[in-house]
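As stored in coords_29.cif (mmCIF, C-alpha atoms):
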data_query
loop_
_atom_site.label_atom_id
_atom_site.label_comp_id
_atom_site.auth_asym_id
_atom_site.auth_seq_id
_atom_site.Cartn_x
_atom_site.Cartn_y
_atom_site.Cartn_z
CA GLY A 23 109.87 118.13 62.33
CA SER A 24 109.04 114.61 61.09
CA SER A 25 111.66 111.95 60.52
CA THR A 26 111.86 108.44 59.17
CA ALA A 27 112.30 105.34 61.29
CA SER A 28 115.60 103.52 61.37
CA SER A 29 116.88 100.49 63.28
CA ALA A 30 116.95 100.57 67.06
CA ALA A 31 119.08 98.53 69.43
CA GLY A 32 118.37 100.33 72.67
CA ASP A 33 120.11 98.47 75.49
CA CYS A 34 120.97 95.62 73.12
CA GLY A 35 123.66 97.34 71.05
CA PRO A 36 125.49 100.52 70.19
CA ALA A 37 122.91 101.93 67.78
CA ASP A 38 121.31 105.20 68.85
CA GLY A 39 117.72 104.00 68.39
CA ALA A 40 115.05 104.56 65.79
CA SER A 41 113.58 107.93 65.04
CA SER A 42 110.06 108.48 66.23
CA GLY A 43 108.48 108.60 62.78
CA ALA A 44 105.06 109.88 61.86
CA GLY A 45 103.35 108.13 64.77
CA ALA A 46 105.07 110.24 67.42
CA GLY A 47 103.80 113.47 68.81
CA ARG A 48 100.23 112.47 69.61
CA TYR A 49 100.53 113.96 73.08
CA TYR A 50 102.40 117.10 72.07
CA GLU A 51 103.26 119.29 69.09
CA LYS A 52 106.70 118.93 67.64
CA SER A 53 108.60 122.15 67.19
CA GLY A 54 111.63 123.02 65.08
CA SER A 55 113.99 120.56 63.46
CA HIS A 56 117.04 118.60 64.43
CA ASP A 57 119.85 120.79 65.77
CA GLY A 58 121.73 122.27 62.88
CA ALA A 59 119.84 120.26 60.27
CA ALA A 60 118.34 123.27 58.52
CA SER A 61 121.02 125.83 59.23
CA GLY A 62 123.86 123.65 58.03
CA GLN A 63 126.10 124.70 60.88
CA GLY A 64 129.45 123.01 60.86
CA ARG A 65 129.11 121.80 57.26
CA THR A 66 130.52 124.77 55.30
CA ALA A 67 133.28 123.52 53.02
CA GLY A 68 134.05 126.83 51.25
CA ASN A 69 133.18 130.50 51.20
CA GLY A 70 132.78 130.98 47.44
CA SER A 71 136.30 132.43 46.96
CA GLY A 72 138.08 129.11 46.74
CA THR A 73 139.37 129.32 50.30
CA ARG A 74 138.44 126.30 52.35
CA VAL A 75 136.80 127.15 55.65
CA PRO A 76 137.44 124.61 58.44
CA ARG A 77 134.40 122.88 59.82
CA ARG A 78 133.10 124.19 63.07
CA ARG A 79 133.70 121.67 65.81
CA ARG A 80 130.58 120.65 67.67
CA PRO A 81 130.70 121.33 71.39
CA THR A 82 130.87 118.28 73.64
CA ARG A 83 127.41 117.41 74.90
CA VAL A 84 127.49 116.73 78.62
CA TYR A 85 124.88 114.50 80.27
CA LYS A 86 124.20 113.50 83.85
CA ALA A 87 123.41 110.16 85.47
CA LEU A 88 122.95 108.50 88.83
CA THR A 89 125.17 105.50 89.44
CA CYS A 90 126.10 102.99 92.11
CA CYS A 91 128.69 101.31 89.87
CA ALA A 92 132.29 101.17 90.99
CA VAL A 93 135.00 102.75 88.81
CA ASP A 94 137.80 100.54 87.46
CA ALA A 95 141.48 101.43 87.07
CA GLN A 96 140.84 102.96 83.63
CA GLY A 97 138.16 105.29 85.01
CA ASN A 98 135.28 103.31 83.51
CA LEU A 99 132.14 102.26 85.34
CA CYS A 100 132.25 98.55 86.14
CA ALA A 101 129.09 96.46 85.66
CA GLU A 102 130.43 93.44 87.57
CA LYS A 103 131.71 94.76 90.90
CA GLU A 104 129.59 95.16 94.01
CA PRO A 105 127.58 98.41 94.10
CA CYS A 106 128.97 101.44 95.91
CA PRO A 107 127.23 104.58 97.30
CA VAL A 108 125.00 106.41 94.82
CA ARG A 109 126.32 109.63 93.34
CA ALA A 110 125.73 111.78 90.29
CA VAL A 111 128.22 111.78 87.42
CA GLU A 112 128.70 113.87 84.29
CA TYR A 113 129.53 111.98 81.11
CA THR A 114 129.68 112.30 77.35
CA ILE A 115 128.96 109.84 74.55
CA GLU A 116 131.73 109.92 71.97
CA ARG A 117 131.57 109.23 68.23
CA ALA A 118 132.08 105.48 68.63
CA ASN A 119 129.19 105.39 71.12
CA THR A 120 131.60 105.01 74.00
CA PHE A 121 130.78 106.24 77.48
CA ARG A 122 133.34 108.57 79.08
CA ILE A 123 133.07 110.05 82.58
CA LEU A 124 133.92 113.75 82.78
CA ARG A 125 133.16 114.27 86.50
CA ASP A 126 132.52 111.75 89.24
CA ASN A 127 131.15 112.00 92.79
CA ILE A 128 128.87 114.98 92.14
CA ASP A 129 126.75 115.86 95.16
CA LEU A 130 123.00 115.50 94.69
CA SER A 131 122.47 119.10 95.83
CA GLU A 132 124.50 120.27 92.82
CA LEU A 133 122.28 118.17 90.60
CA GLU A 134 119.20 119.81 92.09
CA ASP A 135 120.69 123.28 91.48
CA HIS A 136 121.17 122.34 87.82
CA LEU A 137 117.44 121.74 87.29
CA GLY A 138 115.45 124.44 85.55
CA SER A 139 112.18 125.94 86.69
CA ASP A 140 109.36 123.35 86.77
CA GLN A 141 111.71 120.71 85.33
CA ARG A 142 110.93 117.09 86.19
CA ILE A 143 113.25 114.11 86.46
CA VAL A 144 112.72 110.83 84.63
CA LEU A 145 114.87 108.01 86.00
CA TYR A 146 115.69 105.31 83.45
CA MET A 147 116.44 101.94 85.06
CA HIS A 148 118.15 99.75 82.47
CA GLY A 149 117.89 96.01 82.11
CA TRP A 150 120.17 93.01 82.39
CA LEU A 151 123.62 92.92 80.73
CA SER A 152 123.25 96.56 79.71
CA THR A 153 126.51 98.48 79.68
CA PRO A 154 126.64 102.09 80.92
CA ALA A 155 127.11 103.23 77.30
CA GLN A 156 124.02 101.39 76.06
CA ALA A 157 121.87 102.67 78.93
CA ALA A 158 123.15 106.22 78.39
CA ILE A 159 122.33 106.08 74.68
CA SER A 160 118.75 105.02 75.42
CA ALA A 161 118.42 107.83 77.98
CA ARG A 162 119.81 110.33 75.48
CA ARG A 163 117.25 109.26 72.89
CA MET A 164 114.41 109.73 75.38
CA GLN A 165 115.74 113.15 76.37
CA GLN A 166 115.98 114.30 72.75
CA GLU A 167 112.49 113.15 71.76
CA TRP A 168 110.71 114.60 74.79
CA LYS A 169 112.62 117.86 74.44
CA ARG A 170 111.40 118.15 70.85
CA GLY A 171 107.93 117.58 72.20
CA SER A 172 108.32 120.50 74.62
CA LEU A 173 108.33 118.30 77.73
CA ASN A 174 110.55 119.90 80.35
CA VAL A 175 112.24 116.79 81.74
CA LEU A 176 115.75 115.69 82.62
CA VAL A 177 116.35 112.00 81.89
CA LEU A 178 118.84 110.43 84.30
CA PRO A 179 119.96 106.86 83.59
CA VAL A 180 120.36 104.90 86.80
CA LEU A 181 123.51 102.87 86.17
CA TRP A 182 123.72 99.77 88.36
CA PRO A 183 126.00 96.70 88.11
CA ALA A 184 123.79 94.42 85.98
CA GLY A 185 126.60 92.13 84.78
CA THR A 186 128.25 91.69 81.39
CA ILE A 187 127.95 89.14 78.62
CA ASP A 188 131.63 88.22 78.96
CA ARG A 189 131.26 87.25 82.60
CA LEU A 190 128.00 85.43 81.91
CA ALA A 191 129.85 83.22 79.42
CA GLN A 192 132.37 82.28 82.11
CA ARG A 193 129.92 80.99 84.71
CA SER A 194 126.64 79.17 85.03
CA LEU A 195 123.40 81.04 84.41
CA ALA A 196 122.13 80.17 87.90
CA SER A 197 125.19 81.56 89.70
CA TRP A 198 125.19 84.67 87.49
CA HIS A 199 121.49 85.29 88.12
CA SER A 200 121.93 84.87 91.87
CA SER A 201 124.84 87.31 91.85
CA VAL A 202 122.94 89.94 89.86
CA GLU A 203 119.87 89.62 92.10
CA ALA A 204 122.05 90.20 95.16
CA ARG A 205 123.64 93.26 93.55
CA CYS A 206 120.19 94.52 92.54
CA THR A 207 118.98 94.33 96.14
CA ALA A 208 122.12 96.10 97.38
CA SER A 209 121.75 98.76 94.68
CA ALA A 210 118.13 99.43 95.67
CA GLU A 211 119.12 99.96 99.31
CA LEU A 212 121.67 102.56 98.16
CA LEU A 213 119.38 104.17 95.57
CA ALA A 214 116.23 104.64 97.68
CA PRO A 215 117.66 107.36 100.00
CA ALA A 216 118.95 109.31 96.97
CA VAL A 217 115.54 109.12 95.25
CA GLU A 218 113.77 110.23 98.42
CA GLU A 219 116.15 113.18 98.77
CA LEU A 220 115.59 114.30 95.18
CA ALA A 221 111.81 113.89 95.52
CA GLU A 222 111.78 116.53 98.26
CA SER A 223 112.61 119.25 95.71
CA VAL A 224 111.62 117.88 92.28
CA GLN A 225 109.03 115.56 90.77
CA ILE A 226 110.44 112.08 90.14
CA ASN A 227 109.17 109.78 87.37
CA VAL A 228 110.65 106.45 86.33
CA VAL A 229 110.90 104.28 83.22
CA ALA A 230 112.11 100.73 83.88
CA HIS A 231 113.11 98.14 81.27
CA ALA A 232 113.34 94.35 81.62
CA MET A 233 115.33 93.43 84.75
CA GLY A 234 115.38 97.10 85.73
CA HIS A 235 111.96 96.33 87.23
CA GLN A 236 113.66 94.23 89.86
CA LEU A 237 115.54 97.36 90.93
CA LEU A 238 112.32 99.38 90.85
CA LEU A 239 110.41 96.83 92.93
CA GLU A 240 113.24 96.63 95.46
CA THR A 241 113.20 100.41 96.00
CA ALA A 242 109.40 100.68 96.36
CA PRO A 243 109.03 99.36 99.95
CA LEU A 244 111.82 101.71 101.07
CA LEU A 245 110.10 104.89 99.84
CA PRO A 246 107.19 107.02 101.13
CA ARG A 247 103.88 107.01 99.26
CA ASN A 248 103.77 108.83 95.93
CA THR A 249 107.56 109.26 95.74
CA TYR A 250 107.36 108.30 92.06
CA ALA A 251 104.79 110.50 90.33
CA ARG A 252 104.62 108.11 87.36
CA ALA A 253 106.17 104.70 86.69
CA VAL A 254 106.20 103.22 83.18
CA LEU A 255 107.10 99.52 82.99
CA VAL A 256 108.55 98.34 79.65
CA ALA A 257 108.99 94.62 78.88
CA ALA A 258 108.73 93.84 82.58
CA ASP A 259 110.39 90.53 83.44
CA VAL A 260 108.30 90.01 86.58
CA ASP A 261 105.33 87.82 87.44
CA ALA A 262 102.22 88.62 85.41
CA ASN A 263 100.20 88.77 88.65
CA ILE A 264 102.70 91.01 90.44
CA PHE A 265 100.04 93.59 91.41
CA ALA A 266 98.18 90.96 93.43
CA LYS A 267 101.32 90.35 95.49
CA PRO A 268 103.06 92.43 98.19
CA ALA A 269 105.78 93.64 95.80
CA GLY A 270 103.20 95.05 93.38
CA GLU A 271 101.16 96.58 96.20
CA ALA A 272 104.32 98.30 97.47
CA LEU A 273 104.92 99.74 94.00
CA MET A 274 101.35 101.05 93.82
CA GLU A 275 101.96 102.82 97.12
CA ALA A 276 105.29 104.30 96.01
CA ALA A 277 103.97 105.45 92.59
CA THR A 278 100.88 107.54 91.87
CA LEU A 279 100.35 106.47 88.23
CA VAL A 280 101.58 103.16 86.76
CA ARG A 281 101.54 102.10 83.10
CA GLY A 282 102.73 98.71 81.82
CA CYS A 283 103.95 98.40 78.20
CA PHE A 284 103.77 94.85 76.85
CA HIS A 285 104.62 92.99 73.61
CA GLN A 286 103.01 89.60 73.00
CA SER A 287 105.92 88.44 70.78
CA ASP A 288 108.72 89.33 73.20
CA ALA A 289 111.25 86.55 72.58
CA VAL A 290 113.28 87.23 75.73
CA LEU A 291 110.24 87.03 77.99
CA LEU A 292 109.11 83.89 76.16
CA LEU A 293 112.29 82.20 77.41
CA SER A 294 111.79 83.63 80.88
CA GLU A 295 108.23 82.30 80.88
CA GLN A 296 109.50 78.74 80.47
CA VAL A 297 111.36 79.09 83.78
CA HIS A 298 109.25 81.53 85.82
CA GLY A 299 105.76 81.44 84.28
CA LYS A 300 103.89 84.24 82.49
CA ARG A 301 105.62 87.63 82.63
CA LEU A 302 103.99 91.02 83.02
CA GLY A 303 105.62 92.33 79.84
CA GLN A 304 103.97 89.65 77.68
CA GLN A 305 100.29 90.37 78.10
CA ALA A 306 97.60 92.78 79.20
CA LEU A 307 96.86 93.19 82.87
CA VAL A 308 94.70 90.61 84.58
CA ALA A 309 90.98 91.36 84.15
CA GLY A 310 89.65 93.54 86.91
CA SER A 311 93.02 95.03 87.89
CA VAL A 312 92.84 98.07 85.60
CA THR A 313 92.07 101.28 87.50
CA ALA A 314 92.55 105.01 87.06
CA ARG A 315 96.05 104.58 88.48
CA LEU A 316 97.03 101.31 86.82
CA ALA A 317 96.65 100.47 83.12
CA ASP A 318 98.51 98.73 80.29
CA VAL A 319 99.78 99.85 76.88
CA ARG A 320 99.87 97.36 74.00
CA CYS A 321 103.11 97.63 72.01
CA SER A 322 102.69 94.46 69.91
CA HIS A 323 102.50 96.57 66.72
CA THR A 324 106.04 97.82 67.41
CA THR A 325 108.51 96.16 65.00
CA GLY A 326 112.16 96.42 64.07
CA HIS A 327 113.54 96.07 67.58
CA PRO A 328 115.84 93.15 68.55
CA LEU A 329 113.88 90.15 69.85
CA ASN A 330 110.80 92.40 70.20
CA HIS A 331 112.23 93.13 73.65
CA PHE A 332 114.47 96.18 73.31
CA TYR A 333 111.74 98.65 72.39
CA GLN A 334 112.19 101.03 75.32
CA THR A 335 112.87 103.94 72.94
CA SER A 336 110.18 103.03 70.41
CA THR A 337 107.47 105.45 69.33
CA ALA A 338 104.86 103.49 71.30
CA VAL A 339 106.78 103.78 74.57
CA LEU A 340 107.82 107.40 74.03
CA ASP A 341 104.19 108.31 73.39
CA ALA A 342 102.99 106.31 76.42
CA VAL A 343 105.44 108.09 78.69
CA GLY A 344 104.57 111.43 77.10
CA LEU A 345 100.88 110.87 77.77
CA ALA A 346 101.63 109.85 81.34
CA LEU A 347 103.79 112.94 81.88
CA SER A 348 101.00 115.11 80.49
CA ALA A 349 98.34 113.58 82.76
CA ASN A 350 97.13 115.51 85.80
CA ILE A 351 97.68 113.16 88.72
CA ALA A 352 96.90 115.50 91.60
CA ASP A 353 93.54 113.84 92.25
CA LEU A 354 95.00 110.32 92.13
CA ARG A 355 97.44 110.66 95.01
CA THR A 356 96.73 108.50 98.02
CA PRO A 357 97.04 109.88 101.57
CA SER A 358 100.40 109.69 103.27
CA ARG A 359 101.24 106.61 105.33
CA GLY A 360 100.78 108.66 108.49
CA SER A 361 97.07 109.19 107.82
CA LEU A 362 96.20 105.56 107.11
CA PRO A 363 96.87 102.31 108.98
CA PHE A 364 99.78 100.60 107.23
CA GLY A 365 98.56 98.32 104.47
CA LYS A 366 95.06 99.80 104.33
CA LYS A 367 94.06 100.97 100.85
CA ALA A 368 92.60 104.40 100.30
CA THR A 369 89.54 104.71 98.05
CA VAL A 370 90.45 106.96 95.12
CA TYR A 371 87.97 108.32 92.57
CA LEU A 372 88.54 110.19 89.35
CA PRO A 373 86.84 113.60 89.55
CA GLU A 374 84.31 112.66 86.85
CA ALA A 375 83.59 109.34 88.58
CA GLN A 376 83.02 111.10 91.89
CA ALA A 377 80.59 113.49 90.15
CA LYS A 378 78.55 110.50 88.92
CA VAL A 379 78.51 109.02 92.41
CA ASP A 380 77.27 112.33 93.87
CA GLU A 381 74.60 112.62 91.15
CA LEU A 382 73.32 109.10 91.82
CA ALA A 383 73.24 109.72 95.58
CA SER A 384 71.21 112.88 95.01
CA LEU A 385 68.70 111.00 92.82
CA ILE A 386 68.26 108.30 95.44
CA GLN A 387 67.75 110.80 98.25
CA SER A 388 65.19 112.86 96.27
CA HIS A 389 63.27 109.85 94.97
CA THR A 390 59.68 109.42 96.24
CA GLN A 391 58.33 105.90 95.92
CA ARG A 392 54.89 105.66 94.28
CA VAL A 393 52.06 103.90 96.08
CA ALA A 394 51.64 100.23 95.11
CA THR A 395 54.66 100.46 92.75
CA SER A 396 57.80 98.40 93.09
CA THR A 397 60.77 100.61 92.25
CA HIS A 398 64.33 99.53 91.76
CA ILE A 399 67.29 101.87 91.38
#
Output the file's structure as C-alpha cells, nothing else.
Amino acid sequence: GSSTASSAAGDCGPADGASSGAGAGRYYEKSGSHDGAASGQGRTAGNGSGTRVPRRRRPTRVYKALTCCAVDAQGNLCAEKEPCPVRAVEYTIERANTFRILRDNIDLSELEDHLGSDQRIVLYMHGWLSTPAQAAISARRMQQEWKRGSLNVLVLPVLWPAGTIDRLAQRSLASWHSSVEARCTASAELLAPAVEELAESVQINVVAHAMGHQLLLETAPLLPRNTYARAVLVAADVDANIFAKPAGEALMEAATLVRGCFHQSDAVLLLSEQVHGKRLGQQALVAGSVTARLADVRCSHTTGHPLNHFYQTSTAVLDAVGLALSANIADLRTPSRGSLPFGKKATVYLPEAQAKVDELASLIQSHTQRVATSTHI
C-alpha cells in the first residue's frame, strides 16, 4: 500500500499531485493497493496462444462538484463570468487532464440521495486563478487518498469564478483583484444557502486553499453555528490576526473545529505580505489564540511543491485533514445562536479539562485550613 512521492502541482498545473509516500497514514491504516495495480486488469497483451487480446477499456470515472460558474458556448465552465446559482454537476477528468461536464443542473436532493450511509462531505474551495480542471484534480487526489485510508467521505470541489491568467495579463492587477473579490462575495451569497441545505442531512467539512479562504470567510456570517464540522485552512492568504477580528470570529461560530496549515517559505504569501502585511498561511497562530477548537499545523518541512504554496494535496495536509476528520468533536460544539445572546462566546471545555476543574473544585471544598497556618491553593 505504500508509494513513492512524485511532483505535485495541485491548483498550479495539470499534474495529478504527489503520492502520499511513507509519511502518510498516521491517522489510519492503509488497505489494499492501487486499483488494478496488482491484478493487472486491462494490461493483458496475449493469451499464450499467439492471439492478441484487446485491452479492457477502463470505465469512465464520474465525479461530482458544486459550482456557481456559468457555462460558455462550448459547454465549459467559465472562470471569468459573473457567478450564477449554485448547482451540482457531474464531470470526468480525461487523459489530458481536461475537465468535461457530463451532467449539469443536478438538484441538491439528488446529490444527497447519492451519499452512502454515514458518508461525510468535504468541500474543497480552490484558490485564485485555478481552473475547474485543476481544482477537480486536487479534489480527486484527496478523495483517492482518504478512500485508501478508509475514511468515508465525498470530496466536492466548489468551483467559483476565480479568474484566469489570460485575463489577468490583459488588465491591471488592482482591477482584476477588485473584480475577483466582487465575484467571491457574490459566490458566497449563492453558496451559503446550498451549504446550509446540505448540512441538514449530512456532515459538512471544508478544506480551503489560498484565496479560497475569502470565499470561506464570506460564507461564515451567513450560516448557523457549527454548520461546518471541521475547517482546514491551507496557505491562507488572509490577515495573520484574522481570528481577533469579526471575520475570524464568524468563522469560529460557523465551524466547530478549525486547523490552519502554514509554510514559512511560501513564496506567494511572501509577495502578498509586502502589500497586505503578515498572512495567516505564513506562520503559527498568535500566542494565546490556540484552543481545543483552533490550532495550527506546521507544513514547512513539505517540499517539492511549486512556490511552497500549492501543497494542498501534500502528505502533511492530507494527514492533518485525516486527523481532524477522525477527531470526536461532539463535546466542542457551541450552543445554537438561539440559546445565547448574539456575539456572546460560550465557554467550552474538553472533557479531560472539565474533569480537572471538577477535581480541583472538590479539593478546595473539602480542604480544612489548619490553625495558625497560611494555606494557598
Under the PyMOL selection byres ((chain A and resi 214-231) around 7), which residues of this model are included? Write them out as a VMD selection string. chain A and resid 142 to 149 210 to 213 232 to 235 241 244 to 245 249 to 258 334
The PyMOL selection byres ((chain A and resi 116) around 12) on the file shown: which residues, as a short mmCIF file (atom, residue, chain, number, x, y, z; two decimals) with C-alpha atoms, in the coordinates of the input?
data_model
loop_
_atom_site.label_atom_id
_atom_site.label_comp_id
_atom_site.auth_asym_id
_atom_site.auth_seq_id
_atom_site.Cartn_x
_atom_site.Cartn_y
_atom_site.Cartn_z
CA PRO A 36 125.49 100.52 70.19
CA ASP A 38 121.31 105.20 68.85
CA ARG A 80 130.58 120.65 67.67
CA PRO A 81 130.70 121.33 71.39
CA THR A 82 130.87 118.28 73.64
CA ARG A 83 127.41 117.41 74.90
CA VAL A 84 127.49 116.73 78.62
CA TYR A 85 124.88 114.50 80.27
CA TYR A 113 129.53 111.98 81.11
CA THR A 114 129.68 112.30 77.35
CA ILE A 115 128.96 109.84 74.55
CA ARG A 117 131.57 109.23 68.23
CA ALA A 118 132.08 105.48 68.63
CA ASN A 119 129.19 105.39 71.12
CA THR A 120 131.60 105.01 74.00
CA PHE A 121 130.78 106.24 77.48
CA ARG A 122 133.34 108.57 79.08
CA ILE A 123 133.07 110.05 82.58
CA LEU A 124 133.92 113.75 82.78
CA ALA A 155 127.11 103.23 77.30
CA ALA A 158 123.15 106.22 78.39
CA ILE A 159 122.33 106.08 74.68
#
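A cut-off of 10 Å from the point (114.8, 122.5, 87.2), with all atoms listed in the file, picks out the residues Leu133, Glu134, Asp135, His136, Leu137, Gly138, Ser139, Asp140, Gln141, Arg142, Ile143, Asn174, Val175, Leu176, Ser223, Val224 and Gln225 of chain A.
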When you draw a straight line from atom CA of Ala204 of chain A to atom CA of Asp318 of chain A, how long is it in Å? 29.1 Å
Using all atoms listed in the file: which of A:Leu307, A:Leu354, A:Ala272, A:Leu181 has the shortest distance to Cys100 of chain A: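 That would be A:Leu181, the residue with the smallest distance to Cys100 of chain A.
Atom pair atom CA of Lys267 of chain A / atom CA of Leu238 of chain A has a distance of 15.0 Å (rounded to one decimal).
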Between A:Thr278, A:Pro243, A:Gly310, A:Gln304, single out the one closest to Val260 of chain A, counting only C-alpha atoms.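 The closest residue to Val260 of chain A is A:Gln304.
Those residues positioned at most 7 Å from (102.3, 104.5, 95.7) are Arg247, Asn248, Ala272, Leu273, Met274, Glu275, Ala276, Ala277 and Thr278 of chain A, judged using only C-alpha atoms.
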Using the chain letters and numbers from the file, which residues does the PyMOL selection byres ((chain A and resi 309) around 12) grab, as an MDAnalysis selection string? chainID A and resid 262:263 265:266 305:308 310:313 316:318
Pick out the closest residue to Arg205 of chain A from this set: A:Ala289, A:Cys90, A:Leu99, A:Val343. Count all atoms listed in the file.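 Among the listed residues, A:Cys90 lies closest to Arg205 of chain A.
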Please report the interatomic distance between atom CA of Ser348 of chain A and atom CA of His327 of chain A in Å with one decimal.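 For atom CA of Ser348 of chain A relative to atom CA of His327 of chain A, the distance reads 26.2 Å.
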Test item: residues at most 7 Å from Asn127 of chain A, all atoms listed in the file, excluding those fewer than 5 positions along its chain, as a short mmCIF file (atom, residue, chain, number, x, y, z; two decimals) with C-alpha atoms, in the coordinates of the input:
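What ended up in selection-v9.cif:
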data_model
loop_
_atom_site.label_atom_id
_atom_site.label_comp_id
_atom_site.auth_asym_id
_atom_site.auth_seq_id
_atom_site.Cartn_x
_atom_site.Cartn_y
_atom_site.Cartn_z
CA ARG A 109 126.32 109.63 93.34
CA ALA A 110 125.73 111.78 90.29
CA VAL A 111 128.22 111.78 87.42
#
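The shortest atom-to-atom distance to Ala184 of chain A, with only C-alpha atoms taken into account, belongs to A:Pro154 out of A:Gly97, A:Pro154, A:Gly171, A:Gly303.
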Listed atoms of segment 241-250 of chain A, axis-aligned box, 5 Å per side: centre and edge lengths to one decimal in Å, as JSON?
{"center_x": 108.5, "center_y": 104.3, "center_z": 96.6, "size_x": 19.4, "size_y": 19.9, "size_z": 19.1}
